[in-house]
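Text of upload-v9.pdb, listed as PDB, C-alpha atoms:
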ATOM      1  CA  MET A   7       3.102  -2.526  19.094
ATOM      2  CA  THR A   8       3.465  -0.534  15.884
ATOM      3  CA  LEU A   9       3.089  -2.331  12.561
ATOM      4  CA  THR A  10       4.996  -1.399   9.432
ATOM      5  CA  ASP A  11       2.945  -0.204   6.456
ATOM      6  CA  ARG A  12       3.298  -3.619   4.783
ATOM      7  CA  GLN A  13       2.335  -5.473   7.963
ATOM      8  CA  ARG A  14      -0.707  -3.209   8.365
ATOM      9  CA  GLU A  15      -1.782  -3.927   4.764
ATOM     10  CA  ILE A  16      -1.545  -7.688   5.307
ATOM     11  CA  TYR A  17      -3.249  -7.521   8.688
ATOM     12  CA  ASP A  18      -6.113  -5.406   7.307
ATOM     13  CA  TYR A  19      -6.494  -7.830   4.402
ATOM     14  CA  ILE A  20      -6.724 -10.790   6.792
ATOM     15  CA  VAL A  21      -9.349  -9.017   8.917
ATOM     16  CA  ALA A  22     -11.415  -8.001   5.876
ATOM     17  CA  PHE A  23     -11.128 -11.483   4.354
ATOM     18  CA  ARG A  24     -12.384 -13.070   7.582
ATOM     19  CA  ARG A  25     -15.386 -10.744   7.687
ATOM     20  CA  GLU A  26     -16.207 -11.395   4.041
ATOM     21  CA  ASN A  27     -15.620 -15.156   3.965
ATOM     22  CA  GLY A  28     -15.969 -16.376   7.538
ATOM     23  CA  CYS A  29     -12.425 -17.781   7.575
ATOM     24  CA  SER A  30      -8.860 -16.588   7.255
ATOM     25  CA  PRO A  31      -7.046 -16.464   3.908
ATOM     26  CA  SER A  32      -4.523 -19.163   3.086
ATOM     27  CA  ILE A  33      -0.866 -18.366   2.471
ATOM     28  CA  PRO A  34      -1.309 -18.818  -1.329
ATOM     29  CA  GLU A  35      -4.251 -16.387  -1.270
ATOM     30  CA  ILE A  36      -2.178 -13.775   0.579
ATOM     31  CA  GLN A  37       0.703 -14.420  -1.810
ATOM     32  CA  ARG A  38      -1.499 -13.827  -4.876
ATOM     33  CA  HIS A  39      -3.248 -10.786  -3.431
ATOM     34  CA  PHE A  40      -0.014  -8.962  -2.622
ATOM     35  CA  GLU A  41       1.989 -10.447  -5.518
ATOM     36  CA  ILE A  42       4.630 -11.769  -3.128
ATOM     37  CA  ARG A  43       7.119 -13.951  -4.938
ATOM     38  CA  SER A  44       7.213 -16.938  -2.625
ATOM     39  CA  PRO A  45       5.237 -18.553   0.217
ATOM     40  CA  ASN A  46       8.278 -17.999   2.421
ATOM     41  CA  GLY A  47       7.849 -14.248   1.975
ATOM     42  CA  VAL A  48       4.278 -14.497   3.260
ATOM     43  CA  ALA A  49       5.393 -16.721   6.125
ATOM     44  CA  GLY A  50       7.931 -14.082   7.138
ATOM     45  CA  HIS A  51       5.276 -11.373   7.310
ATOM     46  CA  LEU A  52       2.951 -13.648   9.297
ATOM     47  CA  ALA A  53       5.752 -14.506  11.718
ATOM     48  CA  ALA A  54       6.356 -10.783  12.277
ATOM     49  CA  LEU A  55       2.639 -10.188  12.897
ATOM     50  CA  GLU A  56       2.552 -13.102  15.319
ATOM     51  CA  ALA A  57       5.615 -11.759  17.128
ATOM     52  CA  LYS A  58       3.807  -8.427  17.537
ATOM     53  CA  GLY A  59       0.820 -10.208  19.048
ATOM     54  CA  VAL A  60      -1.895  -9.324  16.532
ATOM     55  CA  ILE A  61      -2.303 -12.788  15.000
ATOM     56  CA  ARG A  62      -1.685 -16.351  16.105
ATOM     57  CA  MET A  63      -0.847 -19.330  13.911
ATOM     58  CA  ALA A  64      -3.061 -22.149  15.174
ATOM     59  CA  ASP A  65      -1.644 -25.629  15.782
ATOM     60  CA  ARG A  66      -4.390 -27.327  13.787
ATOM     61  CA  ILE A  67      -3.618 -28.917  10.418
ATOM     62  CA  GLY A  68      -4.828 -27.038   7.367
ATOM     63  CA  SER A  69      -4.120 -24.030   5.186
ATOM     64  CA  ARG A  70      -6.276 -21.533   7.102
ATOM     65  CA  ARG A  71      -4.412 -21.428  10.399
ATOM     66  CA  ILE A  72      -4.375 -17.665  10.995
ATOM     67  CA  GLU A  73      -6.248 -16.504  14.064
ATOM     68  CA  VAL A  74      -6.720 -12.783  14.705
ATOM     69  CA  VAL A  75      -5.914 -11.742  18.260
ATOM     70  CA  ALA A  76      -6.511  -7.982  18.076
ATOM     71  CA  GLU A  77      -9.065  -7.492  15.368
ATOM     72  CA  ARG A  78      -9.881  -3.908  14.460
ATOM     73  CA  GLN A  79     -13.596  -3.323  14.751
ATOM     74  CA  VAL A  80     -14.613  -2.044  11.336
ATOM     75  CA  PRO A  81     -18.400  -1.907  10.814
ATOM     76  CA  SER A  82     -19.434  -4.106   7.896
ATOM     77  CA  GLU A  83     -21.165  -1.176   6.217
ATOM     78  CA  LEU A  84     -17.754   0.510   5.854
ATOM     79  CA  LEU A  85     -16.266  -2.444   3.963
ATOM     80  CA  HIS A  86     -16.585  -2.514   0.180
ATOM     81  CA  ALA A  87     -15.641  -5.253  -2.281
ATOM     82  CA  LEU A  88     -14.322  -3.724  -5.516
ATOM     83  CA  PRO A  89     -13.636  -5.710  -8.696
ATOM     84  CA  VAL A  90     -10.025  -5.611  -9.892
ATOM     85  CA  PHE A  91      -9.440  -5.474 -13.628
ATOM     86  CA  GLY A  92      -6.231  -5.969 -15.567
ATOM     87  CA  HIS A  93      -3.582  -3.413 -16.322
ATOM     88  CA  ILE A  94      -4.571  -0.107 -17.820
ATOM     89  CA  PRO A  95      -1.651   1.559 -19.559
ATOM     90  CA  ALA A  96      -0.323   4.809 -18.142
ATOM     91  CA  GLY A  97       1.669   5.315 -21.300
ATOM     92  CA  PRO A  98       0.754   4.953 -24.974
ATOM     93  CA  PRO A  99      -2.905   3.943 -25.248
ATOM     94  CA  GLN A 100      -3.588   0.246 -25.668
ATOM     95  CA  GLU A 101      -6.799  -1.629 -26.110
ATOM     96  CA  PHE A 102      -8.318  -2.578 -22.773
ATOM     97  CA  GLN A 103     -10.160  -5.846 -23.289
ATOM     98  CA  SER A 104     -10.866  -7.151 -19.787
ATOM     99  CA  SER A 105     -14.566  -7.932 -19.510
ATOM    100  CA  SER A 106     -14.501  -9.765 -16.179
ATOM    101  CA  PRO A 107     -12.506  -8.934 -13.055
ATOM    102  CA  GLU A 108      -9.294 -10.753 -12.215
ATOM    103  CA  SER A 109     -10.104 -10.648  -8.518
ATOM    104  CA  THR A 110     -11.874  -8.683  -5.812
ATOM    105  CA  ALA A 111     -10.273  -6.388  -3.228
ATOM    106  CA  ILE A 112     -11.912  -5.386   0.045
ATOM    107  CA  PHE A 113     -11.438  -1.861   1.359
ATOM    108  CA  ASP A 114     -12.508   0.116   4.392
ATOM    109  CA  GLU A 115     -14.027   3.337   3.084
ATOM    110  CA  THR A 116     -12.169   5.308   5.752
ATOM    111  CA  MET A 117      -8.934   4.079   4.158
ATOM    112  CA  LEU A 118     -10.127   5.015   0.662
ATOM    113  CA  GLY A 119     -11.212   8.470   1.767
ATOM    114  CA  PHE A 120     -14.662   8.223   0.182
ATOM    115  CA  LYS A 121     -17.642   5.879  -0.011
ATOM    116  CA  PRO A 122     -17.485   3.919  -3.277
ATOM    117  CA  ARG A 123     -20.762   3.910  -5.142
ATOM    118  CA  GLU A 124     -22.045   1.192  -7.428
ATOM    119  CA  GLY A 125     -19.850   0.714 -10.479
ATOM    120  CA  CYS A 126     -16.516   1.650  -8.864
ATOM    121  CA  PHE A 127     -13.638  -0.636  -9.762
ATOM    122  CA  LEU A 128      -9.857  -0.991  -9.526
ATOM    123  CA  LEU A 129      -7.397  -0.925 -12.400
ATOM    124  CA  LYS A 130      -3.728  -1.859 -12.327
ATOM    125  CA  VAL A 131      -1.376   0.748 -13.776
ATOM    126  CA  ARG A 132       1.629   0.114 -15.967
ATOM    127  CA  GLY A 133       3.948   2.707 -17.412
ATOM    128  CA  GLU A 134       5.406   5.997 -16.241
ATOM    129  CA  SER A 135       3.368   8.633 -18.084
ATOM    130  CA  MET A 136       1.537   9.738 -14.899
ATOM    131  CA  LYS A 137       4.491   9.648 -12.510
ATOM    132  CA  ASP A 138       4.531  13.414 -11.953
ATOM    133  CA  ALA A 139       0.965  13.128 -10.646
ATOM    134  CA  GLY A 140       2.111  10.485  -8.151
ATOM    135  CA  ILE A 141       0.708   7.505 -10.092
ATOM    136  CA  LEU A 142       3.468   4.960 -10.615
ATOM    137  CA  ASN A 143       3.946   1.721 -12.472
ATOM    138  CA  GLY A 144       2.416  -1.113 -10.414
ATOM    139  CA  ASP A 145      -0.083   1.084  -8.561
ATOM    140  CA  MET A 146      -3.801   0.424  -8.576
ATOM    141  CA  VAL A 147      -6.313   3.209  -9.038
ATOM    142  CA  VAL A 148      -9.911   3.310  -7.839
ATOM    143  CA  ILE A 149     -12.075   4.442 -10.757
ATOM    144  CA  GLU A 150     -15.476   6.012 -10.193
ATOM    145  CA  PRO A 151     -17.730   6.172 -13.269
ATOM    146  CA  THR A 152     -19.175   9.627 -13.820
ATOM    147  CA  PRO A 153     -21.396  11.046 -16.550
ATOM    148  CA  SER A 154     -19.852  14.512 -16.232
ATOM    149  CA  PRO A 155     -16.044  14.456 -15.865
ATOM    150  CA  ALA A 156     -14.441  17.846 -15.329
ATOM    151  CA  ALA A 157     -11.409  19.314 -17.009
ATOM    152  CA  GLY A 158      -8.301  18.716 -14.923
ATOM    153  CA  GLN A 159      -9.404  15.363 -13.524
ATOM    154  CA  ILE A 160      -7.323  12.227 -14.062
ATOM    155  CA  VAL A 161      -9.453   9.771 -15.969
ATOM    156  CA  ALA A 162      -9.547   6.318 -17.463
ATOM    157  CA  ALA A 163     -10.630   6.993 -21.018
ATOM    158  CA  LEU A 164     -11.183   5.344 -24.372
ATOM    159  CA  ILE A 165      -9.522   7.341 -27.116
ATOM    160  CA  ASP A 166     -10.388   6.080 -30.587
ATOM    161  CA  GLY A 167     -11.284   2.720 -29.052
ATOM    162  CA  GLU A 168      -8.146   2.296 -26.936
ATOM    163  CA  SER A 169      -7.900   2.738 -23.185
ATOM    164  CA  THR A 170      -5.412   4.811 -21.232
ATOM    165  CA  LEU A 171      -4.965   6.777 -18.006
ATOM    166  CA  LYS A 172      -4.351  10.517 -18.439
ATOM    167  CA  ARG A 173      -5.440  13.972 -17.302
ATOM    168  CA  LEU A 174      -8.496  15.347 -19.077
ATOM    169  CA  VAL A 175      -7.860  18.790 -20.573
ATOM    170  CA  ARG A 176     -10.013  21.236 -22.508
ATOM    171  CA  VAL A 177      -8.568  24.149 -24.486
ATOM    172  CA  LYS A 178     -10.702  26.385 -26.702
ATOM    173  CA  GLY A 179     -13.549  23.883 -26.612
ATOM    174  CA  ARG A 180     -11.372  20.935 -27.615
ATOM    175  CA  TRP A 181     -10.934  17.950 -25.285
ATOM    176  CA  PHE A 182      -7.691  15.963 -25.180
ATOM    177  CA  LEU A 183      -5.614  13.838 -22.811
ATOM    178  CA  LYS A 184      -2.392  14.985 -21.197
ATOM    179  CA  ALA A 185       0.352  12.890 -19.626
ATOM    180  CA  GLU A 186       2.043  13.934 -16.386
ATOM    181  CA  ASN A 187       5.491  13.180 -17.764
ATOM    182  CA  ALA A 188       7.245  15.427 -20.267
ATOM    183  CA  ASP A 189       8.493  12.399 -22.197
ATOM    184  CA  TYR A 190       4.948  11.517 -23.316
ATOM    185  CA  PRO A 191       2.897  13.400 -25.920
ATOM    186  CA  GLU A 192      -0.569  14.839 -25.568
ATOM    187  CA  LEU A 193      -3.267  12.639 -27.091
ATOM    188  CA  TYR A 194      -5.871  14.157 -29.383
ATOM    189  CA  PRO A 195      -8.775  11.951 -30.496
ATOM    190  CA  ARG A 196      -9.160  11.381 -34.212
ATOM    191  CA  ALA A 197     -12.798  10.475 -33.694
ATOM    192  CA  ASP A 198     -13.957   9.413 -30.234
ATOM    193  CA  LEU A 199     -13.011  10.231 -26.666
ATOM    194  CA  VAL A 200     -15.073   8.406 -24.047
ATOM    195  CA  VAL A 201     -14.301   8.810 -20.336
ATOM    196  CA  GLN A 202     -14.754   5.518 -18.453
ATOM    197  CA  GLY A 203     -14.387   7.132 -15.031
ATOM    198  CA  VAL A 204     -12.294   9.397 -12.827
ATOM    199  CA  VAL A 205      -9.476   8.401 -10.491
ATOM    200  CA  ARG A 206     -10.539   8.794  -6.863
ATOM    201  CA  THR A 207      -7.767   6.994  -4.967
ATOM    202  CA  VAL A 208      -4.322   5.547  -5.680
ATOM    203  CA  VAL A 209      -3.492   2.273  -3.933
ATOM    204  CA  ARG A 210       0.195   1.434  -3.612
ATOM    205  CA  LYS A 211       1.736  -1.757  -2.283
ATOM    206  CA  LEU A 212       4.912  -1.118  -0.332
ATOM    207  CA  GLY A 213       7.832  -3.477  -0.104
TER
END

As structure tokens, how would this structure be written, given the file I've shared?
Amino acid sequence: MTLTDRQREIYDYIVAFRRENGCSPSIPEIQRHFEIRSPNGVAGHLAALEAKGVIRMADRIGSRRIEVVAERQVPSELLHALPVFGHIPAGPPQEFQSSSPESTAIFDETMLGFKPREGCFLLKVRGESMKDAGILNGDMVVIEPTPSPAAGQIVAALIDGESTLKRLVRVKGRWFLKAENADYPELYPRADLVVQGVVRTVVRKLG
């Protein structure tokens, strides 16, 4: 039976969590991971998955009652745990101070579209300055550090010590950052422009 996009996201998360931790996630863990407002919202999604026959809620007492009936066979070498850092502004640059991840997200590399190498991480996006490039407020972006970013790539960058998400542009030998929204100005460094990494994948939660 076909799953909705949201149901597929939750199901894939449960499967990946079980492989990583040896047990199913609890309802609060699912709630936090998907930023669902209430436990009842999670329970509704789980009830729909159970009705479609891909999970079963066990009768035993405890918070980890989810049993997977039709687990997708994803080889462990295709699963990658990426650290998730706090919001990076996709608007006016703001200082990005997170030094330790808020959480960890597990992805199948076939879903990401590439094999993450060491140092890849996720950042949460806020703001609308990159909306015309398809990066919206609330999205997460997979950042891949690179020593040689190319003009035209969308990057996470430090500009004069503050972090932002913009397109990297070079004109007449001068590097600057460009928004993908006409309401936002181009950003020219007064002193330093340091690229933290390039955007490889946009992750969007539906619903």

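Atom pair atom CA of A:Leu164 / atom CA of A:Phe91: separated by 15.3 Å.
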
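One distance worth recording is that between atom CA of A:Leu128 and atom CA of A:Leu174, which is 19.0 Å.
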
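In this model, the gap between atom CA of A:Arg173 and atom CA of A:Val204 comes to 9.4 Å.
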
May I have the residues within 8 Å of A:Val148 as number ranges by chain, using only C-alpha atoms and disregarding those fewer than 2 positions away in the same chain?
A: 126-129, 146, 150, 205-209

Using only C-alpha atoms, what residues lie at most 10 Å away from (-11.4, 19.2, -24.3) (file coordinates), given as JSON, numbers by chain?
{"A": [156, 157, 158, 174, 175, 176, 177, 178, 179, 180, 181, 182, 183, 194, 195, 199]}

Hits from the PyMOL selection byres ((chain A and resi 40) around 10), listed as an MDAnalysis selection string
chainID A and resid 12 15:16 19 35:39 41:43 48 211:213

How would stretch 28-39 of chain A look with N, CA, C and O atoms restored, written as a compact mmCIF listing (two decimals), in the frame of the given file?
# COMPACT_ATOMS: atom_id res chain seq x y z
N GLY A 28 -15.75 -15.54 6.37
CA GLY A 28 -15.97 -16.38 7.54
C GLY A 28 -14.78 -17.23 7.92
O GLY A 28 -14.89 -18.10 8.80
N CYS A 29 -13.65 -17.03 7.26
CA CYS A 29 -12.42 -17.78 7.58
C CYS A 29 -11.24 -16.93 7.16
O CYS A 29 -11.39 -15.93 6.45
N SER A 30 -10.06 -17.33 7.61
CA SER A 30 -8.86 -16.59 7.26
C SER A 30 -8.37 -16.98 5.87
O SER A 30 -8.64 -18.09 5.39
N PRO A 31 -7.63 -16.10 5.20
CA PRO A 31 -7.05 -16.46 3.91
C PRO A 31 -5.91 -17.47 4.10
O PRO A 31 -5.28 -17.52 5.16
N SER A 32 -5.67 -18.25 3.07
CA SER A 32 -4.52 -19.16 3.09
C SER A 32 -3.27 -18.39 2.67
O SER A 32 -3.35 -17.27 2.14
N ILE A 33 -2.12 -19.00 2.90
CA ILE A 33 -0.87 -18.37 2.47
C ILE A 33 -0.85 -18.13 0.96
O ILE A 33 -0.47 -17.04 0.51
N PRO A 34 -1.27 -19.10 0.12
CA PRO A 34 -1.31 -18.82 -1.33
C PRO A 34 -2.22 -17.66 -1.69
O PRO A 34 -1.92 -16.89 -2.61
N GLU A 35 -3.34 -17.51 -0.98
CA GLU A 35 -4.25 -16.39 -1.27
C GLU A 35 -3.60 -15.05 -0.91
O GLU A 35 -3.73 -14.07 -1.66
N ILE A 36 -2.90 -15.00 0.21
CA ILE A 36 -2.18 -13.78 0.58
C ILE A 36 -1.07 -13.50 -0.44
O ILE A 36 -0.86 -12.36 -0.87
N GLN A 37 -0.39 -14.56 -0.84
CA GLN A 37 0.70 -14.42 -1.81
C GLN A 37 0.19 -13.83 -3.12
O GLN A 37 0.79 -12.90 -3.67
N ARG A 38 -0.94 -14.33 -3.61
CA ARG A 38 -1.50 -13.83 -4.88
C ARG A 38 -1.99 -12.40 -4.72
O ARG A 38 -1.77 -11.55 -5.61
N HIS A 39 -2.66 -12.12 -3.61
CA HIS A 39 -3.25 -10.79 -3.43
C HIS A 39 -2.17 -9.70 -3.42
O HIS A 39 -2.36 -8.63 -4.00
